[in-house]
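Asker: One structure, as structure tokens, below. Some questions next.
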Amino acid sequence: GPIVASPVTGEDGRYELLGPTQTTQVRIEDGYAFIQLPVMEPDEAFERPLFHPAEELREQSGRYDLSVMLDVESIPPATRRLITGFLTSTMSTQMQQRDDEADGVYEMRRAWMQADIDAVSVLFDECQQITVGISVELEPRVAHLDFVLDVREGSSMLHEILQSTTKPSYFAPILNDDSAVSLSLSQVLAERDRVRYVGVLDGLHQELNRQLGLSTSDSEPDQPSPFGIAITALQDTVQEGHLDLFGQCYTDSESHLVVVAAFRVLDGDAIAVGLKDLADRFQGREELDTLQIGIGEHAGIEFHRIGLGPGDPGRNAILGPDAGVVFGCGPASMWLGLGGDETMDTVTGVMNQLTAAWEQPTQRAH
């Protein structure tokens, strides 16, 4: 229902926001609205002299056009423990296996949520301040999104942050500032995230076995399949601890969007065999009738394609009328492309550009 702002009789600058289920107190002072959160009511201290936002947040307002800051350290320890306990308890309840939920699907969800629970605990224990800010430059029409964490000196979280930036990305030479969207993530994973991804891949393996009828239950079959060996190689990649991802937008000759992505892997040859094995097993299924195996080869990598089927006019205008996903894996990198008929050519062109950039380091994307 509607929310109505009602002045408080006899109280200058005081209002009540009357909602369908609750009333929220608001205090207007020096052009700022101070809102009393429902969780804090009743709060007699709301009558006290309040800080002046322009002075308190001078650095934040000078840096960003729009920002949100959570001062974790200002929250009393008892309250932080209460918040942490509530959040972790709620997440643990949601993590329970649901009726008729396959073991593999549950394992993927459980592994992911357990890492989230661990991250929340570390965040409230060791983080001092969290800031999310957006700044916009009208010329040259650029927007910057910052996510800033201030953490306690000597904390495990500080060690994780410093350690996460110690390895450069293999794909850095082909990042292009003129691209509409570019993504580069080169991160040394924290231990909880390694456990997270290994668990998710375990669950994926169980679910694929079940879907393909390779076992009578969700348990591991006696003889590992080629795609099972591929998943083990992906787990080894995660355990090694360096997550190196790349993604960038390109356009084809018809000005349709093509998205190219890649990430570094260990034992990519085993992953390539596993992908081919998985494609062979799924080929002919009604839900994957657009799967094409071995559509081409480049630099020793065999590529496959999954068509997205008929699209609406909006998708066709962006990606072209015959959109699909192209994928293949080499000894050290897996490549993917999303787009129309020219996606394969675009992916191989990016691969060539990367090879040339490493062979001639002075030639970089512009």
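Ligands are numbered from 1 in the order shown, residues from 1 within each chain, and chains are lettered A, B, ... in the order they appear in the structure tokens.
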Write out as a short mmCIF file (atom, residue, chain, number, x, y, z; two decimals) with N, CA, C and O atoms, in the first residue's frame the residues lying within 12 Å of Ser156 in chain A, counting only C-alpha atoms and excluding same-chain residues fewer than 2 positions away.
Answerer:
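Resulting contents of selection.cif:
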```
data_model
loop_
_atom_site.label_atom_id
_atom_site.label_comp_id
_atom_site.auth_asym_id
_atom_site.auth_seq_id
_atom_site.Cartn_x
_atom_site.Cartn_y
_atom_site.Cartn_z
N ALA A 119 32.42 -16.49 4.84
CA ALA A 119 32.81 -15.14 4.43
C ALA A 119 32.11 -14.09 5.29
O ALA A 119 32.71 -13.07 5.65
N VAL A 122 33.91 -13.84 8.65
CA VAL A 122 35.19 -13.12 8.53
C VAL A 122 34.93 -11.63 8.32
O VAL A 122 35.63 -10.77 8.89
N LEU A 123 33.93 -11.30 7.53
CA LEU A 123 33.62 -9.90 7.23
C LEU A 123 33.32 -9.11 8.49
O LEU A 123 33.88 -8.03 8.72
N ASP A 125 34.00 -9.98 11.57
CA ASP A 125 35.07 -10.09 12.57
C ASP A 125 36.26 -9.20 12.25
O ASP A 125 36.89 -8.66 13.16
N GLU A 126 36.59 -9.04 10.95
CA GLU A 126 37.86 -8.42 10.60
C GLU A 126 37.75 -7.18 9.73
O GLU A 126 38.75 -6.50 9.49
N CYS A 127 36.57 -6.86 9.24
CA CYS A 127 36.39 -5.69 8.38
C CYS A 127 36.05 -4.46 9.23
O CYS A 127 35.30 -4.55 10.21
N VAL A 151 40.17 -3.11 6.27
CA VAL A 151 40.23 -4.25 7.18
C VAL A 151 41.29 -4.02 8.24
O VAL A 151 42.18 -3.17 8.09
N ARG A 152 41.20 -4.79 9.31
CA ARG A 152 42.13 -4.63 10.42
C ARG A 152 43.53 -5.08 10.03
O ARG A 152 43.71 -6.09 9.35
N GLU A 153 44.52 -4.33 10.50
CA GLU A 153 45.91 -4.67 10.24
C GLU A 153 46.25 -6.00 10.89
O GLU A 153 45.87 -6.27 12.03
N GLY A 154 46.95 -6.85 10.13
CA GLY A 154 47.36 -8.15 10.65
C GLY A 154 46.28 -9.21 10.60
O GLY A 154 46.51 -10.35 11.03
N LEU A 158 43.08 -9.27 5.55
CA LEU A 158 44.07 -8.42 4.91
C LEU A 158 45.09 -9.28 4.16
O LEU A 158 45.47 -8.96 3.02
N HIS A 159 45.50 -10.37 4.77
CA HIS A 159 46.44 -11.28 4.11
C HIS A 159 45.83 -11.84 2.83
O HIS A 159 46.50 -11.91 1.79
N GLU A 160 44.55 -12.21 2.88
CA GLU A 160 43.88 -12.74 1.69
C GLU A 160 43.82 -11.70 0.58
O GLU A 160 44.06 -12.01 -0.59
N ILE A 161 43.51 -10.45 0.94
CA ILE A 161 43.40 -9.40 -0.06
C ILE A 161 44.75 -9.12 -0.72
O ILE A 161 44.87 -9.03 -1.94
N LEU A 162 45.80 -9.00 0.10
CA LEU A 162 47.13 -8.74 -0.45
C LEU A 162 47.61 -9.92 -1.30
O LEU A 162 48.21 -9.74 -2.35
N GLN A 163 47.33 -11.13 -0.84
CA GLN A 163 47.77 -12.32 -1.57
C GLN A 163 47.01 -12.46 -2.89
O GLN A 163 47.56 -12.95 -3.88
N ALA A 190 41.21 -17.50 -1.81
CA ALA A 190 41.26 -17.85 -0.40
C ALA A 190 40.90 -19.32 -0.23
O ALA A 190 40.22 -19.91 -1.07
N GLU A 191 41.33 -19.91 0.87
CA GLU A 191 41.11 -21.33 1.09
C GLU A 191 39.62 -21.68 1.05
O GLU A 191 39.22 -22.71 0.51
#
```
Asker: Mind checking which residues fall within 7 Å of Tyr64 in chain A, counting only C-alpha atoms, ignoring those fewer than 5 positions away in the same chain, and posting them as a PyMOL selection string?
Answerer: chain A and resi 133-135
Asker: Which residues are close to Phe147 in chain A, i.e. within 9 Å by only C-alpha atoms, leaving aside same-chain residues fewer than 5 positions away? Reply as a tab-separated table (two decimals) with N, CA and C atoms, in the first residue's frame.
Answerer:
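Output below, filename selection-v2.tsv:
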```tsv
chain	number	residue	atom	x	y	z
A	130	ILE	N	33.03	-0.81	4.89
A	130	ILE	CA	32.71	-1.24	3.54
A	130	ILE	C	32.10	-0.07	2.79
A	131	THR	N	32.65	0.24	1.62
A	131	THR	CA	32.14	1.35	0.82
A	131	THR	C	31.90	0.89	-0.61
A	132	VAL	N	30.73	1.20	-1.12
A	132	VAL	CA	30.41	0.98	-2.53
A	132	VAL	C	30.08	2.33	-3.13
A	133	GLY	N	30.83	2.74	-4.15
A	133	GLY	CA	30.63	4.07	-4.71
A	133	GLY	C	30.65	4.09	-6.23
```
Asker: From a DSSP pass on the backbone, collect the residues of range 241-351 of chain A flagged as alpha helix (DSSP H) and hand them back as a PyMOL selection string.
Answerer: chain A and resi 268-282+313-319+343-351
Asker: Restricting the calculation to only C-alpha atoms: of A:Ser333, A:Met69, A:Phe263, A:Asp345, which residue gets closest to Gly296 in chain A?
Answerer: A:Asp345
Asker: With distances taken over only C-alpha atoms, which residue among A:Leu208, A:Ile83, A:Leu336, A:Ala230 lies nearest Arg281 in chain A?
Answerer: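 Nearest candidate to Arg281 in chain A out of A:Leu208, A:Ile83, A:Leu336, A:Ala230: A:Leu208.
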Asker: Give the answer as one residue: which of A:Val4, A:Val105, A:Cys249, A:Ala233 has the shortest atom-to-atom distance to Gly274 in chain A, using only C-alpha atoms?
Answerer: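 Among the listed residues, A:Ala233 lies closest to Gly274 in chain A.
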Asker: Got a sec: who's within 7 Å of range 13-16 of chain A, counting only C-alpha atoms, leaving out chain neighbours fewer than 4 positions off, as a list in words?
Answerer: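 Once the nearby chain positions are removed, what remains is Ala5, Ser6, Pro7, Val8, Thr23, Thr24, Gln25, Val26, Arg27, Ile28 and Glu29 of chain A.
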Asker: Using N, CA, C and O atoms, can you export the residues from the last selection as a PDB file, in the first residue's frame?
Answerer:
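What ended up in again20.pdb:
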```pdb
ATOM      1  N   ALA A   5       3.739  10.535   4.505  1.00  0.00           N
ATOM      2  CA  ALA A   5       4.566  11.288   5.453  1.00  0.00           C
ATOM      3  C   ALA A   5       3.672  12.241   6.226  1.00  0.00           C
ATOM      4  O   ALA A   5       3.040  13.128   5.646  1.00  0.00           O
ATOM      5  N   SER A   6       3.618  12.053   7.539  1.00  0.00           N
ATOM      6  CA  SER A   6       2.748  12.867   8.385  1.00  0.00           C
ATOM      7  C   SER A   6       3.588  13.669   9.372  1.00  0.00           C
ATOM      8  O   SER A   6       4.388  13.091  10.124  1.00  0.00           O
ATOM      9  N   PRO A   7       3.458  15.024   9.398  1.00  0.00           N
ATOM     10  CA  PRO A   7       4.211  15.833  10.367  1.00  0.00           C
ATOM     11  C   PRO A   7       3.818  15.465  11.797  1.00  0.00           C
ATOM     12  O   PRO A   7       2.652  15.159  12.083  1.00  0.00           O
ATOM     13  N   VAL A   8       4.790  15.497  12.699  1.00  0.00           N
ATOM     14  CA  VAL A   8       4.530  15.247  14.112  1.00  0.00           C
ATOM     15  C   VAL A   8       4.119  16.555  14.756  1.00  0.00           C
ATOM     16  O   VAL A   8       4.867  17.544  14.721  1.00  0.00           O
ATOM     17  N   THR A  23       5.343   2.138  11.287  1.00  0.00           N
ATOM     18  CA  THR A  23       5.568   3.574  11.253  1.00  0.00           C
ATOM     19  C   THR A  23       7.047   3.843  11.491  1.00  0.00           C
ATOM     20  O   THR A  23       7.639   3.308  12.430  1.00  0.00           O
ATOM     21  N   THR A  24       7.634   4.684  10.645  1.00  0.00           N
ATOM     22  CA  THR A  24       9.052   4.993  10.742  1.00  0.00           C
ATOM     23  C   THR A  24       9.234   6.466  11.079  1.00  0.00           C
ATOM     24  O   THR A  24       8.588   7.340  10.480  1.00  0.00           O
ATOM     25  N   GLN A  25      10.113   6.747  12.043  1.00  0.00           N
ATOM     26  CA  GLN A  25      10.374   8.111  12.465  1.00  0.00           C
ATOM     27  C   GLN A  25      11.433   8.748  11.569  1.00  0.00           C
ATOM     28  O   GLN A  25      12.452   8.121  11.228  1.00  0.00           O
ATOM     29  N   VAL A  26      11.195  10.015  11.177  1.00  0.00           N
ATOM     30  CA  VAL A  26      12.127  10.773  10.337  1.00  0.00           C
ATOM     31  C   VAL A  26      12.370  12.128  10.974  1.00  0.00           C
ATOM     32  O   VAL A  26      11.433  12.778  11.466  1.00  0.00           O
ATOM     33  N   ARG A  27      13.626  12.534  10.948  1.00  0.00           N
ATOM     34  CA  ARG A  27      14.006  13.831  11.510  1.00  0.00           C
ATOM     35  C   ARG A  27      14.745  14.630  10.440  1.00  0.00           C
ATOM     36  O   ARG A  27      15.743  14.167   9.889  1.00  0.00           O
ATOM     37  N   ILE A  28      14.245  15.828  10.096  1.00  0.00           N
ATOM     38  CA  ILE A  28      14.859  16.693   9.089  1.00  0.00           C
ATOM     39  C   ILE A  28      15.714  17.734   9.796  1.00  0.00           C
ATOM     40  O   ILE A  28      15.235  18.448  10.673  1.00  0.00           O
ATOM     41  N   GLU A  29      16.987  17.814   9.396  1.00  0.00           N
ATOM     42  CA  GLU A  29      17.893  18.769  10.038  1.00  0.00           C
ATOM     43  C   GLU A  29      18.956  19.206   9.037  1.00  0.00           C
ATOM     44  O   GLU A  29      19.629  18.363   8.428  1.00  0.00           O
TER      45      GLU A  29
END
```
Asker: Between CA of Gly31 in chain A and CA of Gly10 in chain A, measure the distance and give it in Å to one decimal.
Answerer: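 Distance between the two atoms: 19.3 Å.
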Asker: Have a look at A:Ala262, A:Ile295, A:Leu17, A:Met157 and name the one nearest to Met351 in chain A; count only C-alpha atoms.
Answerer: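 Selected residue with least distance to Met351 in chain A: A:Ala262.
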Asker: Find, counting only C-alpha atoms, the residue in A:Asp289, A:Glu11, A:Asp244, A:Asp103 that gets nearest to Leu204 in chain A.
Answerer: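 Nearest candidate to Leu204 in chain A out of A:Asp289, A:Glu11, A:Asp244, A:Asp103: A:Asp103.
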Asker: Taking only C-alpha atoms into account, name the residue in A:Leu243, A:Val200, A:Met113, A:Val259 that is nearest to Ile231 in chain A.
Answerer: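 Ranking A:Leu243, A:Val200, A:Met113, A:Val259 by distance to Ile231 in chain A, first place goes to A:Val200.
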Asker: Tell me, in Å to one decimal, how far CA of Glu287 in chain A is from CA of Leu275 in chain A.
Answerer: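 Spanning CA of Glu287 in chain A to CA of Leu275 in chain A is a straight-line distance of 17.4 Å.
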Asker: Can you work out the spacing between CA of Glu297 in chain A and CA of Val273 in chain A in Å, to one decimal?
Answerer: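 Value for the CA of Glu297 in chain A-CA of Val273 in chain A distance: 14.0 Å.
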Asker: Please provide as JSON, numbers by chain all residues within 12 Å of Ala270 in chain A, with the sequence filter that same-chain residues fewer than 5 positions apart are discarded (counting only C-alpha atoms).
Answerer: {"A": [225, 226, 227, 228, 229, 230, 231, 232, 233, 234, 236, 265, 275, 276, 277, 328, 329, 330, 331, 332, 333, 334]}
Asker: To test your reading of the structure, identify every residue in range 69-163 of chain A that backbone DSSP assigns to strand (DSSP E), and report it as a ChimeraX atom specification.
Answerer: /A:69-70,127-137,142-151
